[in-house]
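This report refers to the structure that appears directly beneath it.
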There are 2 protein chains.
Amino acid sequence: MKKYSISKQALQRLPSYLNYLNWAKRENVKNISSPTIASDLKLNEVQVRKDLAAISSTGGKPRLGYNVDTLISDIKVFLGYDETDKAVLIGAGQLGRALLSYNGYEDYGLEIVAAFDVDNAVVGKKFKGKPIYHIDMLDRVCKKNNIHIGIITVSAENAQEACDKLVECGILAIWNFAPCHLVVPDNILVQHENTAASLAFLSMHLREKMKNEK
Amino acid sequence: MKKYSISKQALQRLPSYLNYLNWAKRENVKNISSPTIASDLKLNEVQVRKDLAAISSTGGKPRLGYNVDTLISDIKVFLGYDETDKAVLIGAGQLGRALLSYNGYEDYGLEIVAAFDVDNAVVGKKFKGKPIYHIDMLDRVCKKNNIHIGIITVSAENAQEACDKLVECGILAIWNFAPCHLVVPDNILVQHENTAASLAFLSMHLREKMKNEK
DNA sequence: TAGATTGTTAATCGATTAACAATC
DNA sequence: TAGATTGTTAATCGATTAACAATC
């Protein structure tokens with residue numbers, strides 16, 4: 001079994017393999033073949049094999065396919081879900097609180113340590129066990145916990161300011177949920193959570209489909 | 001100016017161009033060149049020109065670049081943000097309420113008409129002006145409003161059931177926020193909002209970066 | 001054994017980038 | 001005019017798919 005270096009696109013497919021394999025596990029599937037995975041996820045079976053070859057520790061067995069449990073654990077290790085990264089979150093509004101309350105992120109190797117806001121109605125409180133501090137405390141908390149990931153869930157108008165503060169505090173990677181462009185130094189990594197892009201896909205395809213059906 | 005058919009990848013870049021151009025507009029930029037856009041968004045300038053050529057109604061002007069306002073409106077038209085699609089949402093929990101309260105989606109051509117849940121604590125109430133109905137009302141509301149898009153914000157355990165109900169009610173496209181695989185008939189479009197994928201990207205790059213800096 | 005499935009090399013396809021003439 | 005920038009063709013690069021031998 002030769003190790004391929006993984007492509008950007010393959011990397012993006014790994015989380016869907018993981019969801020799918022967890023589902024298969026719940027359905028009591030012990031071994032699974034690439035044609036099965038491919039047909040369920042609407043992918044090409046060779047692509048599935050190549051993707052899995054890049055991350056699988058053991059490879060598959062002819063006739064049997066891949067062991068579901070091993071594959072799940074291989075993907076988790078590859079994506080680093082077994083090592084937890086700590087993060088802070090700025091903006092304890094609806095979306096911020098939704099992220100705080102979703103404890104599933106720990107399965108993905110992310111632990112939100114604390115939230116920050118300026119609103120006195122929430123500052124000082126806890127939400128789902130996570131403390132909400134005043135934004136002035138950001139630097140102290142980040143340094144103390146050696147935090148490198150920041151999550152922005154403030155409005156588009158306030159996102160740049162939040163971003164600047166995170167950069168000042170030594171944050172290296174930013175996960176931005178605000179629908180806006182951010183200006184950052186070159187060495188800072190920004191991942192835009194662009195739900196509008198998914199939406200664009202969905203509504204374009206839907207429109208095309210409805211046009212074809214006429 | 002020749003019209004290119006747009007690639008999948010270019011389509012996914014359009015929303016970030018839009019965010020960026022809205023930012024430029026706020027900064028009072030009237031015209032903008034492809035090298036500027038490329039450098040700010042960390043893209044190749046030829047790629048930017050090709051992407052814009054696919055959607056621009058007027059094209060750019062040598063020496064001047066592209067008109068920001070025209071480009072913004074061209075992208076919106078192309079992505080269908082000027083025509084509103086109606087949607088229903090299942091699951092009025094934290095995430096569901098976050099989506100309901102974000103009125104920005106109307107800028108993206110999506111109107112959430114109503115939410116559905118089974119929890120008597122929320123059924124019958126309104127949230128940000130949007131009614132929350134019991135799930136049993138789903139069919140009636142969808143048919144009456146001719147709705148084709150469904151948003152799933154229930155837990156992974158309940159997502160398949162929610163999905164089945166949406167399909168029964170004639171929904172054609174599903175935007176799934178639950179981190180799980182869904183089984184649907186072939187003619188139904190599913191867009192997984194895979195935040196774990198973004199996260200994977202972020203944490204891998206971060207780890208690589210920190211390794212390199214050692 | 002026969003047949004399903006894996007893993008890999010080679011061929012194809014599509015997207016990105018380089019080069020450059022056209023234009024304001 | 002000179003120079004920045006556009007738009008497009010051609011070249012490159014990377015990702016997907018086809019073909020097929022190896023294997024259980």
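Chain labels follow the order of the structure tokens: the first chain is A, the next B, and so on; residue numbering restarts at 1 in every chain, and ligands are counted from 1 in their shown order.
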Select all residues from chain D having any atom no more than 10 Å from an atom of chain B (counting only C-alpha atoms (C1' of nucleotides), ignoring ligands), output as a PyMOL selection string.
chain D and resi 3-8
Open item on the list: as JSON, numbers by chain, could you give me every residue of chain A near chain B (at most 6 Å apart, counting only C-alpha atoms)?
Closed with: {"A": [12, 15, 19, 20, 79, 94, 95, 98, 180, 181, 197, 200]}
Output of the above residues as a short mmCIF file (atom, residue, chain, number, x, y, z; two decimals), in the first residue's frame, restricted to all heavy atoms:
data_model
loop_
_atom_site.label_atom_id
_atom_site.label_comp_id
_atom_site.auth_asym_id
_atom_site.auth_seq_id
_atom_site.Cartn_x
_atom_site.Cartn_y
_atom_site.Cartn_z
N GLN A 12 -11.14 17.73 2.22
CA GLN A 12 -12.48 18.25 2.49
C GLN A 12 -13.54 17.15 2.47
O GLN A 12 -14.62 17.32 3.01
CB GLN A 12 -12.86 19.30 1.44
CG GLN A 12 -11.78 20.35 1.29
CD GLN A 12 -12.36 21.74 1.25
OE1 GLN A 12 -13.16 22.11 2.09
NE2 GLN A 12 -11.94 22.50 0.25
N PRO A 15 -14.30 14.59 6.29
CA PRO A 15 -15.37 14.67 7.27
C PRO A 15 -16.67 14.00 6.82
O PRO A 15 -17.39 13.44 7.65
CB PRO A 15 -15.57 16.18 7.46
CG PRO A 15 -14.24 16.76 7.14
CD PRO A 15 -13.72 15.91 6.00
N ASN A 19 -18.71 11.05 8.82
CA ASN A 19 -20.15 11.02 9.12
C ASN A 19 -20.78 9.74 8.60
O ASN A 19 -21.57 9.10 9.28
CB ASN A 19 -20.87 12.20 8.44
CG ASN A 19 -20.74 13.48 9.24
OD1 ASN A 19 -20.41 13.44 10.42
ND2 ASN A 19 -20.99 14.60 8.60
N TYR A 20 -20.42 9.42 7.38
CA TYR A 20 -21.01 8.24 6.74
C TYR A 20 -20.63 6.96 7.48
O TYR A 20 -21.47 6.10 7.73
CB TYR A 20 -20.55 8.18 5.29
CG TYR A 20 -21.00 6.92 4.59
CD1 TYR A 20 -22.31 6.78 4.16
CD2 TYR A 20 -20.12 5.88 4.39
CE1 TYR A 20 -22.73 5.62 3.53
CE2 TYR A 20 -20.52 4.71 3.76
CZ TYR A 20 -21.83 4.59 3.34
OH TYR A 20 -22.25 3.44 2.73
N LEU A 79 -7.24 13.74 10.89
CA LEU A 79 -7.76 15.10 11.00
C LEU A 79 -7.42 15.75 12.34
O LEU A 79 -7.76 16.90 12.58
CB LEU A 79 -9.28 15.10 10.80
CG LEU A 79 -9.78 14.75 9.40
CD1 LEU A 79 -11.30 14.66 9.38
CD2 LEU A 79 -9.31 15.78 8.38
N GLN A 94 -26.83 35.04 19.54
CA GLN A 94 -27.53 33.79 19.20
C GLN A 94 -26.58 32.75 18.63
O GLN A 94 -26.54 31.61 19.08
CB GLN A 94 -28.65 34.06 18.18
CG GLN A 94 -29.92 34.62 18.76
CD GLN A 94 -30.65 33.63 19.64
OE1 GLN A 94 -30.43 32.42 19.56
NE2 GLN A 94 -31.52 34.14 20.50
N LEU A 95 -25.82 33.14 17.61
CA LEU A 95 -24.94 32.18 16.95
C LEU A 95 -23.83 31.71 17.89
O LEU A 95 -23.54 30.52 17.99
CB LEU A 95 -24.34 32.79 15.67
CG LEU A 95 -23.40 31.87 14.91
CD1 LEU A 95 -24.11 30.60 14.47
CD2 LEU A 95 -22.83 32.59 13.70
N ALA A 98 -25.15 29.31 20.22
CA ALA A 98 -25.42 28.03 19.55
C ALA A 98 -24.13 27.21 19.47
O ALA A 98 -24.12 26.01 19.74
CB ALA A 98 -25.98 28.27 18.15
N CYS A 180 -18.33 38.67 6.20
CA CYS A 180 -17.60 39.85 5.74
C CYS A 180 -16.13 39.55 5.54
O CYS A 180 -15.60 38.57 6.06
CB CYS A 180 -17.74 40.98 6.76
SG CYS A 180 -16.97 40.59 8.32
N HIS A 181 -15.50 40.40 4.75
CA HIS A 181 -14.07 40.31 4.48
C HIS A 181 -13.30 40.79 5.71
O HIS A 181 -13.69 41.76 6.34
CB HIS A 181 -13.77 41.19 3.27
CG HIS A 181 -12.32 41.29 2.95
ND1 HIS A 181 -11.61 40.23 2.45
CD2 HIS A 181 -11.46 42.33 3.05
CE1 HIS A 181 -10.36 40.61 2.25
NE2 HIS A 181 -10.25 41.87 2.61
N ALA A 197 -22.18 30.46 0.57
CA ALA A 197 -21.68 29.68 -0.55
C ALA A 197 -22.46 28.38 -0.71
O ALA A 197 -22.84 28.00 -1.82
CB ALA A 197 -20.20 29.39 -0.37
N ALA A 200 -25.77 29.25 -2.10
CA ALA A 200 -25.69 29.56 -3.52
C ALA A 200 -25.79 28.29 -4.34
O ALA A 200 -26.55 28.19 -5.30
CB ALA A 200 -24.39 30.29 -3.82
#
Exercise. Name the residues in contact with stretch 13-23 of chain C at a cut-off of 8 Å, using only C-alpha atoms (C1' of nucleotides), excluding same-chain residues fewer than 3 positions from it; report them as a ChimeraX atom specification.
Key: /B:7,44,46-47,62 /D:6,11-13,16
query = What residues in stretch 3-211 of chain B get the DSSP label strand (DSSP E or B)? Please answer as a PyMOL selection string.
reply = chain B and resi 31-32+61+65-67+85-90+110-117+126-127+130-134+149-152+173-176+189-192
Include C-alpha atoms and write out the residues we just selected as a PDB file, in the first residue's frame.
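In the end it all went to out_34.pdb:
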ATOM      1  CA  ASN B  31     -13.427  50.950  -9.190  1.00  0.00           C
ATOM      2  CA  ILE B  32     -11.213  48.026  -8.423  1.00  0.00           C
ATOM      3  CA  LYS B  61     -11.979  48.809 -18.296  1.00  0.00           C
ATOM      4  CA  GLY B  65     -10.613  48.033 -13.462  1.00  0.00           C
ATOM      5  CA  TYR B  66     -14.167  46.998 -12.603  1.00  0.00           C
ATOM      6  CA  ASN B  67     -16.956  49.140 -11.264  1.00  0.00           C
ATOM      7  CA  ASP B  85     -36.611  31.355  -2.147  1.00  0.00           C
ATOM      8  CA  LYS B  86     -38.830  30.333   0.712  1.00  0.00           C
ATOM      9  CA  ALA B  87     -37.688  27.737   3.215  1.00  0.00           C
ATOM     10  CA  VAL B  88     -38.860  25.959   6.330  1.00  0.00           C
ATOM     11  CA  LEU B  89     -36.651  25.036   9.258  1.00  0.00           C
ATOM     12  CA  ILE B  90     -36.941  21.955  11.447  1.00  0.00           C
ATOM     13  CA  LEU B 110     -33.542  32.992   1.399  1.00  0.00           C
ATOM     14  CA  GLU B 111     -36.609  33.608   3.503  1.00  0.00           C
ATOM     15  CA  ILE B 112     -37.307  31.270   6.387  1.00  0.00           C
ATOM     16  CA  VAL B 113     -41.073  31.216   6.509  1.00  0.00           C
ATOM     17  CA  ALA B 114     -41.599  29.123   9.612  1.00  0.00           C
ATOM     18  CA  ALA B 115     -39.874  26.803  12.070  1.00  0.00           C
ATOM     19  CA  PHE B 116     -41.080  23.427  13.309  1.00  0.00           C
ATOM     20  CA  ASP B 117     -40.408  21.525  16.489  1.00  0.00           C
ATOM     21  CA  LYS B 126     -42.931  33.178  17.681  1.00  0.00           C
ATOM     22  CA  PHE B 127     -39.222  33.848  17.462  1.00  0.00           C
ATOM     23  CA  LYS B 130     -41.245  33.730  12.732  1.00  0.00           C
ATOM     24  CA  PRO B 131     -43.875  31.254  13.916  1.00  0.00           C
ATOM     25  CA  ILE B 132     -42.836  27.934  15.443  1.00  0.00           C
ATOM     26  CA  TYR B 133     -45.350  25.219  14.576  1.00  0.00           C
ATOM     27  CA  HIS B 134     -45.707  21.636  15.652  1.00  0.00           C
ATOM     28  CA  ILE B 149     -36.192  24.165   0.584  1.00  0.00           C
ATOM     29  CA  GLY B 150     -35.884  22.627   4.020  1.00  0.00           C
ATOM     30  CA  ILE B 151     -33.289  23.387   6.684  1.00  0.00           C
ATOM     31  CA  ILE B 152     -32.408  20.763   9.269  1.00  0.00           C
ATOM     32  CA  ALA B 173     -33.485  20.638  -1.550  1.00  0.00           C
ATOM     33  CA  ILE B 174     -32.226  20.153   1.982  1.00  0.00           C
ATOM     34  CA  TRP B 175     -29.690  22.212   3.859  1.00  0.00           C
ATOM     35  CA  ASN B 176     -28.438  19.920   6.598  1.00  0.00           C
ATOM     36  CA  LEU B 189     -30.517  17.600  -3.321  1.00  0.00           C
ATOM     37  CA  VAL B 190     -28.681  17.622  -0.006  1.00  0.00           C
ATOM     38  CA  GLN B 191     -26.163  20.261   0.974  1.00  0.00           C
ATOM     39  CA  HIS B 192     -24.276  19.361   4.119  1.00  0.00           C
TER      40      HIS B 192
END
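Picture a line from atom CA of B:Val122 to atom CA of B:Ala92; it runs 7.6 Å.
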